[in-house]
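Novice: Data file start07.cif (mmCIF, C-alpha atoms and all ligand atoms) is appended below.
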data_model
loop_
_atom_site.label_atom_id
_atom_site.label_comp_id
_atom_site.auth_asym_id
_atom_site.auth_seq_id
_atom_site.Cartn_x
_atom_site.Cartn_y
_atom_site.Cartn_z
CA MET P 1 -125.70 149.93 39.57
CA PRO P 2 -123.02 151.91 37.72
CA PRO P 3 -120.00 149.91 36.49
CA PRO P 4 -116.73 150.40 38.39
CA PRO P 5 -114.84 153.44 37.02
CA MET P 6 -111.90 151.31 35.85
CA LEU P 7 -114.13 149.04 33.76
CA ALA P 8 -115.92 152.07 32.27
CA SER P 9 -112.66 153.74 31.23
CA VAL P 10 -111.32 150.49 29.76
CA LEU P 11 -114.53 150.02 27.74
CA ALA P 12 -114.46 153.64 26.59
CA SER P 13 -110.80 153.42 25.55
CA THR P 14 -111.51 150.17 23.66
CA LEU P 15 -114.22 151.92 21.63
CA VAL P 16 -111.98 154.93 20.97
CA GLY P 17 -109.24 152.48 19.99
CA LEU P 18 -111.49 150.82 17.40
CA LEU P 19 -112.31 154.21 15.83
CA VAL P 20 -108.67 155.34 15.88
CA GLY P 21 -107.67 151.98 14.38
CA SER P 22 -110.09 152.63 11.54
CA PHE P 23 -108.32 155.95 10.88
CA LEU P 24 -104.90 154.25 11.09
CA ASN P 25 -106.07 151.90 8.30
CA VAL P 26 -106.67 154.96 6.13
CA CYS P 27 -103.13 156.19 6.92
CA ILE P 28 -101.65 152.75 6.19
CA TYR P 29 -103.35 152.60 2.81
CA ARG P 30 -102.89 156.21 1.70
CA LEU P 31 -99.55 157.46 3.11
CA PRO P 32 -97.37 155.18 0.90
CA ARG P 33 -99.48 156.28 -2.10
CA ARG P 34 -99.01 159.94 -1.15
CA GLU P 35 -102.77 160.47 -0.98
CA SER P 36 -104.59 162.78 1.44
CA ILE P 37 -105.63 161.06 4.68
CA VAL P 38 -108.68 163.34 5.17
CA TRP P 39 -110.21 163.47 1.69
CA PRO P 40 -112.02 161.81 -0.05
CA ALA P 41 -114.14 159.54 2.18
CA SER P 42 -113.41 155.80 2.30
CA ARG P 43 -114.09 153.83 -0.87
CA CYS P 44 -113.59 150.30 -2.13
CA THR P 45 -109.98 150.09 -3.35
CA ALA P 46 -111.05 147.76 -6.21
CA CYS P 47 -114.20 149.34 -7.75
CA GLY P 48 -113.93 152.83 -6.24
CA ARG P 49 -117.50 152.93 -4.89
CA GLY P 50 -117.88 155.17 -1.82
CA LEU P 51 -118.62 153.24 1.37
CA ALA P 52 -121.87 153.67 3.31
CA TRP P 53 -121.59 154.32 7.05
CA PHE P 54 -122.57 150.73 7.88
CA GLU P 55 -119.67 149.44 5.77
CA ASN P 56 -117.29 151.57 7.82
CA VAL P 57 -117.98 150.21 11.30
CA PRO P 58 -114.68 148.88 12.70
CA VAL P 59 -114.34 145.06 12.69
CA VAL P 60 -118.15 144.51 12.56
CA SER P 61 -118.49 145.56 8.90
CA TRP P 62 -115.64 143.33 7.81
CA LEU P 63 -117.26 140.36 9.56
CA LEU P 64 -120.78 141.10 8.20
CA LEU P 65 -119.45 141.58 4.65
CA ARG P 66 -117.35 138.41 5.12
CA GLY P 67 -114.29 140.33 3.95
CA ARG P 68 -115.69 141.21 0.50
CA CYS P 69 -116.91 144.37 -1.24
CA ARG P 70 -120.74 144.40 -1.52
CA THR P 71 -120.65 145.58 -5.16
CA CYS P 72 -117.64 144.05 -6.89
CA GLY P 73 -116.92 141.15 -4.52
CA ALA P 74 -113.22 142.05 -4.28
CA PRO P 75 -111.64 140.66 -1.10
CA ILE P 76 -111.01 143.17 1.70
CA SER P 77 -107.70 142.49 3.46
CA PRO P 78 -107.96 140.98 6.97
CA MET P 79 -105.28 143.58 7.82
CA TYR P 80 -108.15 146.09 8.33
CA PRO P 81 -109.90 144.34 11.26
CA ILE P 82 -106.53 143.18 12.63
CA VAL P 83 -105.27 146.80 12.81
CA GLU P 84 -108.57 147.91 14.41
CA LEU P 85 -108.48 145.14 17.03
CA THR P 86 -104.79 145.72 17.76
CA THR P 87 -105.39 149.45 18.26
CA ALA P 88 -108.37 148.75 20.54
CA PHE P 89 -106.27 146.29 22.55
CA VAL P 90 -103.39 148.78 22.81
CA PHE P 91 -105.76 151.58 23.95
CA ALA P 92 -107.37 149.37 26.60
CA GLY P 93 -103.93 148.17 27.74
CA GLY P 94 -102.56 151.72 27.76
CA VAL P 95 -105.26 152.91 30.16
CA ILE P 96 -104.67 149.87 32.41
CA VAL P 97 -100.86 150.32 32.46
CA TYR P 98 -100.59 154.13 32.55
CA GLY P 99 -104.05 155.20 33.81
CA PRO P 100 -105.77 158.27 32.35
CA SER P 101 -102.80 160.64 32.27
CA ALA P 102 -100.78 162.89 29.99
CA LEU P 103 -98.16 160.14 29.73
CA SER P 104 -100.80 157.67 28.58
CA ALA P 105 -101.95 160.10 25.84
CA VAL P 106 -98.37 160.55 24.60
CA ARG P 107 -97.64 156.81 24.71
CA LEU P 108 -100.89 156.03 22.82
CA ALA P 109 -99.99 158.52 20.07
CA PHE P 110 -96.56 156.82 19.93
CA ALA P 111 -98.24 153.39 19.72
CA CYS P 112 -100.43 154.61 16.83
CA ALA P 113 -97.32 155.70 14.92
CA LEU P 114 -95.78 152.27 15.58
CA ILE P 115 -98.88 150.42 14.31
CA VAL P 116 -98.88 152.45 11.07
CA LEU P 117 -95.11 151.94 10.57
CA PHE P 118 -95.49 148.21 11.33
CA ALA P 119 -98.09 147.71 8.59
CA ILE P 120 -96.54 150.03 5.97
CA ASP P 121 -93.08 148.47 6.34
CA LEU P 122 -94.56 144.97 6.17
CA ARG P 123 -96.41 145.75 2.95
CA HIS P 124 -94.23 148.31 1.15
CA ARG P 125 -90.78 148.04 2.80
CA ILE P 126 -90.76 151.77 3.53
CA LEU P 127 -91.01 153.89 6.68
CA PRO P 128 -92.45 157.29 5.65
CA ASP P 129 -90.65 160.43 6.86
CA VAL P 130 -94.06 162.06 7.49
CA ILE P 131 -94.37 159.79 10.54
CA THR P 132 -90.80 159.33 11.80
CA LEU P 133 -89.53 162.93 11.57
CA PRO P 134 -92.50 164.62 13.34
CA GLY P 135 -92.36 161.64 15.74
CA ILE P 136 -88.79 162.51 16.77
CA VAL P 137 -89.82 166.14 17.41
CA ALA P 138 -93.00 165.18 19.31
CA GLY P 139 -91.23 162.61 21.48
CA PHE P 140 -88.45 165.05 22.37
CA ALA P 141 -90.93 167.88 23.09
CA ALA P 142 -93.03 165.65 25.40
CA SER P 143 -89.88 164.49 27.25
CA TRP P 144 -89.44 168.01 28.67
CA PHE P 145 -92.54 167.46 30.82
CA LEU P 146 -92.86 163.69 31.08
CA PRO P 147 -90.71 160.54 31.38
CA PRO P 148 -88.10 159.67 30.19
CA GLY P 149 -86.89 163.31 30.56
CA TRP P 150 -85.15 165.33 27.87
CA ILE P 151 -81.59 164.09 28.53
CA SER P 152 -82.53 160.43 28.14
CA SER P 153 -84.66 161.33 25.12
CA LEU P 154 -81.82 163.22 23.46
CA ILE P 155 -79.36 160.37 24.07
CA GLY P 156 -82.05 158.01 22.74
CA ILE P 157 -82.38 160.02 19.50
CA ALA P 158 -78.63 160.33 18.91
CA GLY P 159 -77.85 156.80 20.09
CA GLY P 160 -80.72 155.11 18.25
CA GLY P 161 -80.09 156.92 14.99
CA GLY P 162 -76.31 156.72 15.40
CA ILE P 163 -76.02 152.99 16.07
CA LEU P 164 -78.22 152.00 13.09
CA LEU P 165 -76.39 154.50 10.87
CA ALA P 166 -73.08 152.88 11.88
CA ILE P 167 -74.46 149.35 11.30
CA ALA P 168 -75.86 150.39 7.91
CA GLU P 169 -72.49 151.89 6.95
CA VAL P 170 -70.49 148.80 8.00
CA TYR P 171 -72.98 146.48 6.26
CA TYR P 172 -72.74 148.52 3.07
CA ARG P 173 -68.91 148.49 3.09
CA VAL P 174 -68.71 144.76 3.81
CA ARG P 175 -71.52 143.47 1.61
CA GLY P 176 -71.62 146.18 -1.04
CA GLN P 177 -75.41 146.49 -0.77
CA GLU P 178 -77.91 148.22 1.45
CA GLY P 179 -79.08 146.12 4.41
CA LEU P 180 -80.71 148.82 6.51
CA GLY P 181 -82.55 151.81 5.14
CA MET P 182 -82.51 155.39 6.42
CA GLY P 183 -86.14 154.77 7.44
CA ASP P 184 -84.95 152.29 10.09
CA VAL P 185 -82.40 154.86 11.33
CA LYS P 186 -85.07 157.56 11.74
CA MET P 187 -87.54 155.12 13.28
CA LEU P 188 -85.14 154.01 16.04
CA ALA P 189 -84.30 157.69 16.69
CA MET P 190 -88.07 158.29 17.12
CA ILE P 191 -88.32 155.34 19.52
CA GLY P 192 -85.39 156.79 21.51
CA ALA P 193 -87.14 160.17 21.60
CA PHE P 194 -90.30 158.72 23.16
CA LEU P 195 -88.88 155.97 25.40
CA GLY P 196 -85.39 157.25 26.31
CA TRP P 197 -82.09 155.50 25.63
CA PRO P 198 -82.35 152.39 27.90
CA LEU P 199 -85.69 151.27 26.42
CA MET P 200 -84.47 152.24 22.92
CA ALA P 201 -81.52 149.86 23.42
CA LEU P 202 -83.89 147.15 24.68
CA THR P 203 -86.10 147.71 21.60
CA LEU P 204 -83.10 147.18 19.32
CA VAL P 205 -82.19 143.92 21.12
CA LEU P 206 -85.79 142.63 21.03
CA ALA P 207 -86.25 143.56 17.35
CA SER P 208 -82.93 141.96 16.31
CA PHE P 209 -83.77 138.82 18.28
CA ALA P 210 -87.29 138.55 16.80
CA GLY P 211 -85.96 139.33 13.32
CA SER P 212 -83.31 136.58 13.60
CA ILE P 213 -85.87 134.00 14.73
CA VAL P 214 -88.30 134.85 11.91
CA GLY P 215 -85.41 134.98 9.40
CA VAL P 216 -84.11 131.56 10.44
CA ALA P 217 -87.66 130.13 10.38
CA LEU P 218 -88.21 131.48 6.84
CA ILE P 219 -84.89 130.04 5.62
CA ALA P 220 -85.56 126.69 7.34
CA SER P 221 -89.01 126.46 5.75
CA GLY P 222 -87.53 127.27 2.34
CA ARG P 223 -89.48 130.52 1.97
CA GLY P 224 -86.56 132.91 2.24
CA ASN P 225 -82.80 133.18 1.91
CA LEU P 226 -79.99 135.16 3.51
CA GLN P 227 -80.32 137.90 0.89
CA ALA P 228 -84.05 138.46 1.42
CA ALA P 229 -84.59 141.72 3.26
CA LEU P 230 -86.89 141.45 6.26
CA PRO P 231 -88.92 144.57 7.12
CA PHE P 232 -86.80 145.61 10.13
CA GLY P 233 -89.20 148.48 10.94
CA THR P 234 -91.95 145.90 11.51
CA PHE P 235 -89.79 144.22 14.15
CA LEU P 236 -88.76 147.58 15.66
CA ALA P 237 -92.47 148.41 16.07
CA VAL P 238 -93.16 145.18 17.96
CA GLY P 239 -90.00 145.60 20.07
CA ALA P 240 -90.91 149.19 20.97
CA LEU P 241 -94.48 148.23 21.98
CA VAL P 242 -93.13 145.49 24.26
CA ALA P 243 -90.49 147.88 25.65
CA ALA P 244 -93.10 150.61 26.30
CA VAL P 245 -95.31 148.25 28.32
CA ALA P 246 -92.89 145.79 29.94
CA GLY P 247 -89.47 147.37 29.35
CA ASP P 248 -88.74 148.52 32.90
CA PRO P 249 -89.39 145.08 34.52
CA ILE P 250 -87.41 143.37 31.72
CA LEU P 251 -84.42 145.71 32.25
CA ALA P 252 -84.61 145.31 36.06
CA TRP P 253 -84.65 141.52 35.68
CA TYR P 254 -81.70 141.58 33.29
CA LEU P 255 -79.61 143.99 35.38
CA ALA P 256 -80.25 141.92 38.51
CA PHE P 257 -77.79 139.32 37.15
CA TYR P 258 -74.97 141.86 37.46
CA ARG P 259 -75.52 142.92 41.05
ZN ZN P 301 -115.71 147.10 -4.74
#
Can you turn what I pasted into structure tokens?
Ligand SMILES: [Zn+2]

Specialist:
Amino acid sequence: MPPPPMLASVLASTLVGLLVGSFLNVCIYRLPRRESIVWPASRCTACGRGLAWFENVPVVSWLLLRGRCRTCGAPISPMYPIVELTTAFVFAGGVIVYGPSALSAVRLAFACALIVLFAIDLRHRILPDVITLPGIVAGFAASWFLPPGWISSLIGIAGGGGILLAIAEVYYRVRGQEGLGMGDVKMLAMIGAFLGWPLMALTLVLASFAGSIVGVALIASGRGNLQAALPFGTFLAVGALVAAVAGDPILAWYLAFYR
């Protein structure tokens, strides 16, 4: 008996998600180092030995190798399987939420950019232009044919970039130091391009809220202080993923209080 079509497409998108996640790991490692993402093939980052195909199987290899290189024994970051599993989960969820459609393809590409920005900002405190700038263009181009429509996308780009630019400027004048980077500005503009201005605004609220909670928790546990910069792009990525999946119901629920 053949499996139901929905189950088959969810399974297929999970597998594709694992493979794409494996490629995203390459981007996460190499983009901040300004290395090519297509050449050379994957190698151990400690001893430089090229990896055999069976060491490159998403998640499975990491588990079988128990998170260590076979030759030099250097630990392999758990970030690798986590990124692969997250991407697989996002791909499966994307097909369930959006179905197999052009919108789902665009939103999955957007989600991939968010996952890469999440990890790079967390580790290096940067948000590479090679992702955010083409992202703004791609999101705006897609909005001519798909939701949220080009007007909402354009307002999202200008509003998202503009509001963070204004906050960064005020923060700099008041505190005399940089609190928000230009990377955050471009990233929120990219989010506005893909999701439109209402979900961009929701993303900013969710990210600020999550950032405040984590910041307070770090200060309370003695592991951070008010000066310590949190990777805001990491929180923007989480906020945008939530907004992309559940943003419309959240906004409807919130606006219902004002009717
Ligand atoms: Zn090694």

Novice: May I ask which of the residues P:Glu55, P:Asp184, P:Glu35, P:Asp248 is the closest one to Asp121 of chain P, counting all atoms listed in the file?

Specialist: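 Counting all atoms listed in the file, the residue closest to Asp121 of chain P is P:Asp184.
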
Novice: At a cut-off of 9 Å, using all atoms listed in the file, what residues contact Ala229 of chain P? Leave out same-chain residues fewer than 5 positions from it and give the result as a short mmCIF file (atom, residue, chain, number, x, y, z; two decimals) with C-alpha atoms, in the frame of the given file.

Specialist:
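Output (result-v8.cif):
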data_model
loop_
_atom_site.label_atom_id
_atom_site.label_comp_id
_atom_site.auth_asym_id
_atom_site.auth_seq_id
_atom_site.Cartn_x
_atom_site.Cartn_y
_atom_site.Cartn_z
CA ARG P 125 -90.78 148.04 2.80
CA GLY P 179 -79.08 146.12 4.41
CA LEU P 180 -80.71 148.82 6.51
#

Novice: Quick one: residues within 7 Å of Pro81 of chain P, only C-alpha atoms counted, chain neighbours fewer than 6 positions away excluded, as a ChimeraX atom specification?

Specialist: /P:58-59,62

Novice: Which residue, P:Leu133, P:Ala88, P:Leu165, P:Ile155, has the smallest gap to Ser22 of chain P when you use all atoms listed in the file?

Specialist: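 Smallest separation from Ser22 of chain P among the options: P:Ala88.
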
Novice: Could you check which of P:Val38, P:Ala220, P:Leu51, P:Ala142 is closest to ligand ZN 301 (chain P), using only C-alpha atoms and all ligand atoms?

Specialist: P:Leu51

Novice: Looking at only C-alpha atoms and all ligand atoms, which of P:Ile213, P:Ile37, P:Leu65, P:Val10 is the one that sits closest to ligand ZN 301 (chain P)?

Specialist: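 Looking only at the distances to ligand ZN 301 (chain P), the closest residue turns out to be P:Leu65.
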
Novice: So, counting only C-alpha atoms and all ligand atoms, which residue among P:Thr45, P:Asn225, P:Asn25, P:Asn56 is closest to ligand ZN 301 (chain P)?

Specialist: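 So, comparing all the options, the nearest one is P:Thr45.
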
Novice: Throw together the list of residues within 10 Å of ligand ZN 301 (chain P), counting only C-alpha atoms and all ligand atoms, and drop it here as JSON, numbers by chain.

Specialist: {"P": [43, 44, 45, 46, 47, 48, 49, 50, 51, 68, 69, 70, 71, 72, 73, 74, 75, 76]}

Novice: Okay, now the selection with C-alpha atoms, as a compact mmCIF listing (two decimals), in the coordinates of the input?

Specialist:
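Everything below was put into again-v6.txt:
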# COMPACT_ATOMS: atom_id res chain seq x y z
CA ARG P 43 -114.09 153.83 -0.87
CA CYS P 44 -113.59 150.30 -2.13
CA THR P 45 -109.98 150.09 -3.35
CA ALA P 46 -111.05 147.76 -6.21
CA CYS P 47 -114.20 149.34 -7.75
CA GLY P 48 -113.93 152.83 -6.24
CA ARG P 49 -117.50 152.93 -4.89
CA GLY P 50 -117.88 155.17 -1.82
CA LEU P 51 -118.62 153.24 1.37
CA ARG P 68 -115.69 141.21 0.50
CA CYS P 69 -116.91 144.37 -1.24
CA ARG P 70 -120.74 144.40 -1.52
CA THR P 71 -120.65 145.58 -5.16
CA CYS P 72 -117.64 144.05 -6.89
CA GLY P 73 -116.92 141.15 -4.52
CA ALA P 74 -113.22 142.05 -4.28
CA PRO P 75 -111.64 140.66 -1.10
CA ILE P 76 -111.01 143.17 1.70

Novice: Do you know which residues lie at most 6 Å from (-105.6, 148.9, 6.3), with coordinates as in the file and all atoms listed in the file counted, and could you write them as a ChimeraX atom specification?

Specialist: /P:25,28-29,79-80

Novice: So that each row is one residue of segment 69-140 of chain P with an atom at most 12 Å from segment 195-200 of chain P, can you give its shortest atom pair and the distance in Å to one decimal, using all atoms listed in the file, rows by chain and rising number, as a tab-separated table?

Specialist:
residue	atom	partner	partner_atom	distance
P:Leu103	CA	P:Leu195	CA	11.1
P:Val106	CA	P:Leu195	CA	10.6
P:Arg107	CA	P:Leu195	CA	8.8
P:Phe110	CA	P:Leu195	CA	9.5
P:Ala111	CA	P:Leu195	CA	11.2
P:Gly135	CA	P:Leu195	CA	11.7
P:Ile136	CA	P:Leu195	CA	10.8
P:Ala138	CA	P:Leu195	CA	11.8
P:Gly139	CA	P:Leu195	CA	8.1
P:Phe140	CA	P:Gly196	CA	9.3

Novice: For a test of reading the model, state the distance in Å between atom CA of Thr87 of chain P and atom CA of Gly21 of chain P, rounded to one decimal.

Specialist: 5.2 Å

Novice: Work out how far atom CA of Leu255 of chain P is from atom CA of Ala113 of chain P, in Å to one decimal.

Specialist: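 Atom CA of Leu255 of chain P lies 29.5 Å from atom CA of Ala113 of chain P.
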
Novice: From the list P:Ala109, P:Leu218, P:Leu188, P:Val20, which residue is nearest Gly159 of chain P when using only C-alpha atoms?

Specialist: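 Using only C-alpha atoms, Gly159 of chain P sits closest to P:Leu188.
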